[in-house]
file coords-v4.txt (compact mmCIF, C-alpha atoms)
# COMPACT_ATOMS: atom_id res chain seq x y z
CA MET Q 1 97.70 42.41 42.76
CA SER Q 2 97.58 42.19 46.51
CA ILE Q 3 95.69 39.37 48.13
CA PRO Q 4 93.91 40.44 51.29
CA ALA Q 5 95.09 38.39 54.22
CA THR Q 6 91.54 37.64 55.18
CA CYS Q 7 89.97 36.52 51.87
CA PRO Q 8 87.98 33.40 52.75
CA LEU Q 9 88.06 32.17 49.16
CA CYS Q 10 91.85 32.41 49.08
CA ASP Q 11 92.23 30.83 52.49
CA SER Q 12 89.80 27.94 52.09
CA ASP Q 13 87.64 26.11 49.56
CA GLY Q 14 84.60 28.03 50.75
CA GLY Q 15 82.30 25.02 50.78
CA THR Q 16 82.31 21.34 49.96
CA LEU Q 17 84.86 20.92 47.19
CA ILE Q 18 83.28 19.08 44.28
CA TRP Q 19 85.77 19.64 41.48
CA SER Q 20 88.96 21.55 40.97
CA GLY Q 21 90.52 22.59 37.66
CA ALA Q 22 93.47 24.66 36.56
CA LYS Q 23 91.76 28.02 37.01
CA LEU Q 24 88.56 27.44 38.92
CA ARG Q 25 86.81 25.12 41.34
CA VAL Q 26 83.23 24.08 42.00
CA ILE Q 27 81.98 23.91 45.55
CA ARG Q 28 78.65 23.01 47.06
CA ALA Q 29 77.33 25.72 49.33
CA GLN Q 30 75.48 24.91 52.52
CA GLU Q 31 72.78 27.52 52.70
CA ALA Q 32 69.82 26.54 54.79
CA GLY Q 33 66.72 26.07 52.67
CA PHE Q 34 68.51 25.80 49.31
CA PRO Q 35 70.12 22.39 48.92
CA GLY Q 36 70.82 22.73 45.18
CA PHE Q 37 73.30 25.57 45.60
CA TYR Q 38 76.75 25.42 44.04
CA ARG Q 39 79.44 28.00 43.41
CA VAL Q 40 82.03 28.35 40.67
CA VAL Q 41 85.02 30.02 42.33
CA TRP Q 42 87.80 31.54 40.25
CA THR Q 43 91.11 30.50 41.79
CA ALA Q 44 93.00 33.77 41.34
CA HIS Q 45 91.96 36.65 43.54
CA VAL Q 46 90.15 38.99 41.16
CA ALA Q 47 87.20 41.10 42.21
CA GLU Q 48 85.24 41.70 39.05
CA PHE Q 49 84.24 39.50 36.12
CA SER Q 50 85.65 42.09 33.72
CA ASP Q 51 89.06 41.74 35.40
CA LEU Q 52 89.38 38.43 33.58
CA SER Q 53 90.70 38.12 30.02
CA ALA Q 54 88.18 37.26 27.32
CA ALA Q 55 89.45 33.69 27.24
CA ASP Q 56 89.12 33.38 31.01
CA ARG Q 57 85.64 34.92 31.01
CA SER Q 58 84.59 32.33 28.48
CA LEU Q 59 86.16 29.53 30.49
CA CYS Q 60 84.45 30.76 33.64
CA MET Q 61 80.99 31.01 32.08
CA GLU Q 62 81.33 27.66 30.36
CA ALA Q 63 81.99 26.13 33.76
CA VAL Q 64 78.92 27.94 35.09
CA THR Q 65 76.97 26.52 32.16
CA VAL Q 66 78.14 22.97 32.86
CA VAL Q 67 77.00 23.33 36.47
CA GLU Q 68 73.70 24.90 35.43
CA ARG Q 69 72.99 22.07 32.99
CA VAL Q 70 73.76 19.35 35.51
CA LEU Q 71 71.47 21.01 38.05
CA ARG Q 72 68.71 21.25 35.46
CA GLU Q 73 69.12 17.62 34.45
CA GLN Q 74 69.49 16.21 37.93
CA LEU Q 75 67.16 18.43 39.95
CA SER Q 76 64.56 19.79 37.48
CA PRO Q 77 64.36 23.16 39.22
CA THR Q 78 61.68 25.70 38.46
CA LYS Q 79 64.45 28.18 37.63
CA ILE Q 80 68.19 28.55 37.82
CA ASN Q 81 69.54 31.68 39.50
CA LEU Q 82 73.02 32.92 38.56
CA ALA Q 83 74.79 35.71 40.38
CA ALA Q 84 78.25 37.18 40.92
CA LEU Q 85 77.88 39.75 43.69
CA GLY Q 86 80.98 39.75 45.86
CA ASN Q 87 80.05 42.63 48.12
CA MET Q 88 81.02 40.63 51.17
CA VAL Q 89 83.80 38.57 49.59
CA ALA Q 90 85.24 40.45 46.62
CA HIS Q 91 86.79 37.37 45.08
CA LEU Q 92 85.06 36.31 41.89
CA HIS Q 93 82.56 33.52 42.50
CA TRP Q 94 79.36 32.61 40.71
CA HIS Q 95 76.34 31.39 42.60
CA VAL Q 96 74.43 28.70 40.68
CA ILE Q 97 71.21 27.99 42.53
CA ALA Q 98 68.39 25.58 41.77
CA ARG Q 99 65.16 27.33 42.72
CA TYR Q 100 61.72 25.80 43.18
CA ASP Q 101 58.28 27.31 43.21
CA TRP Q 102 57.81 25.73 46.63
CA ASP Q 103 61.02 27.04 48.19
CA SER Q 104 60.78 29.51 51.06
CA HIS Q 105 61.62 32.57 48.94
CA PHE Q 106 60.37 31.89 45.42
CA PRO Q 107 59.87 33.94 43.28
CA ALA Q 108 61.94 36.40 45.30
CA PRO Q 109 65.73 36.13 45.27
CA ILE Q 110 67.15 33.96 48.05
CA TRP Q 111 68.55 37.10 49.67
CA ALA Q 112 65.11 38.71 50.05
CA GLY Q 113 62.57 38.00 52.73
CA ALA Q 114 60.91 34.61 52.92
CA GLN Q 115 57.58 34.19 51.16
CA ARG Q 116 56.54 31.12 53.11
CA GLY Q 117 57.86 28.48 55.47
CA ARG Q 118 60.37 25.86 54.45
CA ASP Q 119 59.14 22.54 53.06
CA GLU Q 120 61.41 20.19 54.95
CA GLN Q 121 60.05 17.10 53.24
CA ARG Q 122 60.88 18.38 49.77
CA GLU Q 123 64.20 19.80 50.93
CA SER Q 124 65.09 16.40 52.36
CA GLU Q 125 64.29 14.74 49.04
CA LEU Q 126 66.69 17.13 47.32
CA VAL Q 127 69.39 16.54 49.92
CA GLN Q 128 69.17 12.82 49.28
CA ARG Q 129 69.90 13.43 45.62
CA LEU Q 130 72.99 15.57 46.19
CA PRO Q 131 75.53 12.71 46.10
CA GLN Q 132 74.23 11.86 42.64
CA VAL Q 133 74.34 15.54 41.62
CA ASP Q 134 77.90 15.84 42.88
CA ALA Q 135 78.93 12.76 40.92
CA ALA Q 136 77.22 14.06 37.78
CA LEU Q 137 79.03 17.38 38.21
CA VAL Q 138 82.40 15.68 38.48
CA ALA Q 139 81.70 13.62 35.38
CA ALA Q 140 80.44 16.59 33.37
CA LEU Q 141 83.27 18.88 34.45
CA ASN Q 142 85.89 16.22 33.69
CA THR Q 143 84.42 15.74 30.23
CA TRP Q 144 84.27 19.50 29.71
CA ALA Q 145 87.86 20.09 30.85
CA ALA Q 146 89.30 17.17 28.92
CA MET L 1 59.19 27.42 21.94
CA SER L 2 56.07 29.14 23.08
CA ILE L 3 56.19 32.79 24.03
CA PRO L 4 53.95 33.57 26.96
CA ALA L 5 51.43 36.22 26.03
CA THR L 6 52.27 38.19 29.10
CA CYS L 7 56.09 38.30 29.01
CA PRO L 8 56.99 41.91 29.79
CA LEU L 9 60.38 41.58 28.12
CA CYS L 10 58.77 40.38 24.91
CA ASP L 11 56.04 42.99 25.04
CA SER L 12 58.18 46.03 25.91
CA ASP L 13 61.76 47.21 26.28
CA GLY L 14 61.51 46.75 30.03
CA GLY L 15 63.22 50.02 30.87
CA THR L 16 64.89 52.98 29.19
CA LEU L 17 66.30 51.61 25.95
CA ILE L 18 69.98 52.52 25.67
CA TRP L 19 71.21 50.32 22.85
CA SER L 20 69.78 47.62 20.66
CA GLY L 21 71.72 45.02 18.69
CA ALA L 22 70.88 42.00 16.58
CA LYS L 23 70.38 39.62 19.50
CA LEU L 24 70.24 41.71 22.65
CA ARG L 25 69.49 45.13 24.04
CA VAL L 26 70.71 47.20 26.94
CA ILE L 27 68.20 49.06 29.09
CA ARG L 28 68.55 51.28 32.09
CA ALA L 29 66.44 50.11 35.00
CA GLN L 30 64.69 52.53 37.29
CA GLU L 31 65.02 50.98 40.69
CA ALA L 32 64.72 53.43 43.57
CA GLY L 33 68.02 53.81 45.36
CA PHE L 34 70.21 52.28 42.67
CA PRO L 35 70.77 54.73 39.82
CA GLY L 36 73.60 52.81 38.17
CA PHE L 37 71.46 49.83 37.28
CA TYR L 38 71.35 48.47 33.73
CA ARG L 39 70.13 45.27 32.20
CA VAL L 40 71.29 43.23 29.22
CA VAL L 41 68.16 41.63 27.78
CA TRP L 42 68.39 38.77 25.31
CA THR L 43 65.90 39.44 22.53
CA ALA L 44 64.65 35.89 22.01
CA HIS L 45 62.44 34.46 24.70
CA VAL L 46 64.68 31.92 26.43
CA ALA L 47 64.48 31.21 30.14
CA GLU L 48 67.92 29.95 31.07
CA PHE L 49 71.45 31.03 30.18
CA SER L 50 72.26 27.45 29.18
CA ASP L 51 69.44 27.53 26.64
CA LEU L 52 71.73 29.68 24.49
CA SER L 53 74.32 28.25 22.12
CA ALA L 54 77.97 28.60 23.13
CA ALA L 55 78.40 31.42 20.62
CA ASP L 56 75.36 33.23 21.98
CA ARG L 57 76.46 32.75 25.58
CA SER L 58 79.76 34.34 24.70
CA LEU L 59 78.04 37.20 22.89
CA CYS L 60 75.74 37.77 25.83
CA MET L 61 78.50 37.82 28.43
CA GLU L 62 80.71 40.03 26.31
CA ALA L 63 77.86 42.55 26.22
CA VAL L 64 77.56 42.23 30.00
CA THR L 65 81.31 42.86 30.22
CA VAL L 66 81.10 45.98 28.05
CA VAL L 67 78.36 47.34 30.32
CA GLU L 68 80.27 46.39 33.46
CA ARG L 69 83.43 48.12 32.22
CA VAL L 70 81.60 51.32 31.29
CA LEU L 71 79.95 51.42 34.72
CA ARG L 72 83.31 50.90 36.40
CA GLU L 73 84.94 53.63 34.31
CA GLN L 74 82.12 56.12 34.54
CA LEU L 75 80.81 55.54 38.05
CA SER L 76 83.72 54.04 40.05
CA PRO L 77 81.44 51.79 42.09
CA THR L 78 82.59 49.90 45.15
CA LYS L 79 81.49 46.70 43.45
CA ILE L 80 79.63 45.49 40.40
CA ASN L 81 76.81 43.01 40.95
CA LEU L 82 75.80 40.66 38.13
CA ALA L 83 72.76 38.44 38.24
CA ALA L 84 70.45 36.46 36.00
CA LEU L 85 67.54 35.34 38.17
CA GLY L 86 64.33 35.38 36.16
CA ASN L 87 62.03 33.95 38.79
CA MET L 88 59.48 36.67 38.13
CA VAL L 89 60.18 37.16 34.43
CA ALA L 90 61.65 33.98 32.98
CA HIS L 91 63.12 35.72 29.96
CA LEU L 92 66.92 35.88 30.04
CA HIS L 93 68.16 39.22 31.34
CA TRP L 94 71.31 40.16 33.19
CA HIS L 95 71.28 42.72 35.93
CA VAL L 96 74.44 44.85 35.93
CA ILE L 97 74.39 47.02 39.05
CA ALA L 98 76.87 49.60 40.32
CA ARG L 99 77.00 49.22 44.10
CA TYR L 100 78.46 51.65 46.64
CA ASP L 101 79.52 51.18 50.21
CA TRP L 102 77.16 54.01 51.08
CA ASP L 103 74.09 52.66 49.29
CA SER L 104 71.09 51.64 51.35
CA HIS L 105 71.76 47.89 51.15
CA PHE L 106 75.52 47.45 50.83
CA PRO L 107 77.09 44.95 51.41
CA ALA L 108 73.82 43.01 51.20
CA PRO L 109 72.29 42.28 47.81
CA ILE L 110 69.82 44.92 46.61
CA TRP L 111 67.03 42.39 47.11
CA ALA L 112 67.77 41.98 50.83
CA GLY L 113 66.70 44.30 53.59
CA ALA L 114 68.11 47.82 53.80
CA GLN L 115 71.18 48.33 55.98
CA ARG L 116 70.71 52.09 56.33
CA GLY L 117 68.77 55.00 54.91
CA ARG L 118 69.24 56.28 51.38
CA ASP L 119 71.82 59.01 50.73
CA GLU L 120 69.81 61.24 48.44
CA GLN L 121 72.67 63.66 47.89
CA ARG L 122 74.99 60.98 46.56
CA GLU L 123 72.19 59.33 44.60
CA SER L 124 71.47 62.67 42.97
CA GLU L 125 75.09 63.04 41.98
CA LEU L 126 74.94 59.66 40.27
CA VAL L 127 71.69 60.48 38.53
CA GLN L 128 73.28 63.60 37.06
CA ARG L 129 75.99 61.45 35.50
CA LEU L 130 73.61 58.99 33.85
CA PRO L 131 73.34 60.84 30.51
CA GLN L 132 77.11 60.58 30.23
CA VAL L 133 77.01 56.91 31.23
CA ASP L 134 74.31 56.23 28.66
CA ALA L 135 76.39 57.93 25.95
CA ALA L 136 79.49 56.00 26.95
CA LEU L 137 77.50 52.77 26.81
CA VAL L 138 76.25 53.52 23.31
CA ALA L 139 79.78 54.33 22.13
CA ALA L 140 81.30 51.24 23.76
CA LEU L 141 78.56 48.91 22.53
CA ASN L 142 78.77 50.31 19.00
CA THR L 143 82.53 49.75 18.99
CA TRP L 144 82.09 46.27 20.40
CA ALA L 145 79.39 45.26 17.89
CA ALA L 146 81.22 46.73 14.89

call {"tool": "encode", "arguments": {"input": "coords-v4.txt", "output": "structure tokens"}}
result
Amino acid sequence: MSIPATCPLCDSDGGTLIWSGAKLRVIRAQEAGFPGFYRVVWTAHVAEFSDLSAADRSLCMEAVTVVERVLREQLSPTKINLAALGNMVAHLHWHVIARYDWDSHFPAPIWAGAQRGRDEQRESELVQRLPQVDAALVAALNTWAA
Amino acid sequence: MSIPATCPLCDSDGGTLIWSGAKLRVIRAQEAGFPGFYRVVWTAHVAEFSDLSAADRSLCMEAVTVVERVLREQLSPTKINLAALGNMVAHLHWHVIARYDWDSHFPAPIWAGAQRGRDEQRESELVQRLPQVDAALVAALNTWAA
């Protein structure tokens, strides 16, 4: 399996590194307007979810589930959005995004056009909670991986 | 758990029904411009992936994997896109979408703005293969569920 010289998820963490395990890592994305946005990045360079073995698929989605649950508990989002797209970076990574009915795009996907302006006050409140979310993620992922 | 009276995935198949199992079904979506677009719909009305038990999460993602593999084999897409969003219809369903470097939105998500016009010739070629894809899905899902 050749690793493209330019894969940004091979060459760097791809965001703020929150937790790193044997086969995957969790990073916090920095996408304007969506503070509660994390990614589960598979360490090996595989393009598609179905490239993984059954055991690895289960491991991957259980990590996604741990992240989803922590976001639900810590941030009480209106909805969680999960996606593995990889059209731009074909290295398996799962977006785990806390969405709110007041965010700029809801109920559209974050990749669609904005539905309204950003609520900087509410965004700021979320940003202030991120250190606690990060810490809860580390604790939950350590417990899960133990 | 209350079932909203208006949930379209409780009230109808939500697309062309391809296969139905004990806990989930596979439908073919009809989204203009993206012929190779299927959905795995969880039968019970749950909003979030992490609402499922571990066994059900595994079952759900293995069904997604079966669909993904059939699309890869039958349609040789540039990339598979997977997503569980549910902002509009908060009833767990996974989008499994065959993407092509020539499609109107690639490499952007299908929900973003178009990058170019639609290639009706190539779309038509895909549409002609859908009966074979549907049959391959039924065969693969029957084998998987057996």

call {"tool": "residues_around", "arguments": {"input": "coords-v4.txt", "residues": "Leu141 in chain L", "least_positions_apart": "5", "cutoff": "12 Å", "atoms": "only C-alpha atoms", "output": "number ranges by chain"}}
result
L: 18-22, 24-26, 40, 59-60, 62-70, 133-136, 146

call {"tool": "interface_residues", "arguments": {"input": "coords-v4.txt", "of": "chain Q", "to": "chain L", "cutoff": "7 Å", "atoms": "all atoms listed in the file", "output": "PyMOL selection string"}}
result
chain Q and resi 48+50+58+65+68-69+79-85+87-88+107-109+111-113

call {"tool": "atom_distance", "arguments": {"input": "coords-v4.txt", "atom1": "CA of Ala140 in chain L", "atom2": "CA of Glu73 in chain L"}}
result
11.4 Å

call {"tool": "residues_around", "arguments": {"input": "coords-v4.txt", "residues": "range 32-38 of chain Q", "least_positions_apart": "3", "cutoff": "6 Å", "atoms": "all atoms listed in the file", "output": "list of chain:residue names"}}
result
Q:Ile27, Q:Arg28, Q:Ala29, Q:Val96, Q:Ile97, Q:Ala98, Q:Val127

call {"tool": "write_last_selection", "arguments": {"input": "coords-v4.txt", "atoms": "C-alpha atoms", "output": "mmCIF file, in the coordinates of the input"}}
result
data_model
loop_
_atom_site.group_PDB
_atom_site.id
_atom_site.type_symbol
_atom_site.label_atom_id
_atom_site.label_comp_id
_atom_site.auth_asym_id
_atom_site.auth_seq_id
_atom_site.Cartn_x
_atom_site.Cartn_y
_atom_site.Cartn_z
ATOM 1 C CA ILE Q 27 81.980 23.910 45.550
ATOM 2 C CA ARG Q 28 78.650 23.010 47.060
ATOM 3 C CA ALA Q 29 77.330 25.720 49.330
ATOM 4 C CA VAL Q 96 74.430 28.700 40.680
ATOM 5 C CA ILE Q 97 71.210 27.990 42.530
ATOM 6 C CA ALA Q 98 68.390 25.580 41.770
ATOM 7 C CA VAL Q 127 69.390 16.540 49.920
#

call {"tool": "closest_residue", "arguments": {"input": "coords-v4.txt", "among": "L:Pro8, L:Glu31, L:Ala55, L:Leu71", "to": "Leu92 in chain L", "atoms": "only C-alpha atoms"}}
result
L:Pro8

call {"tool": "closest_residue", "arguments": {"input": "coords-v4.txt", "among": "L:Leu75, L:His91, L:Thr43, L:Ser104", "to": "Cys7 in chain L", "atoms": "all atoms listed in the file"}}
result
L:His91

call {"tool": "atom_distance", "arguments": {"input": "coords-v4.txt", "atom1": "CA of Trp102 in chain L", "atom2": "CA of Leu130 in chain L"}}
result
18.3 Å

call {"tool": "atom_distance", "arguments": {"input": "coords-v4.txt", "atom1": "CA of Thr16 in chain L", "atom2": "CA of Val138 in chain L"}}
result
12.8 Å
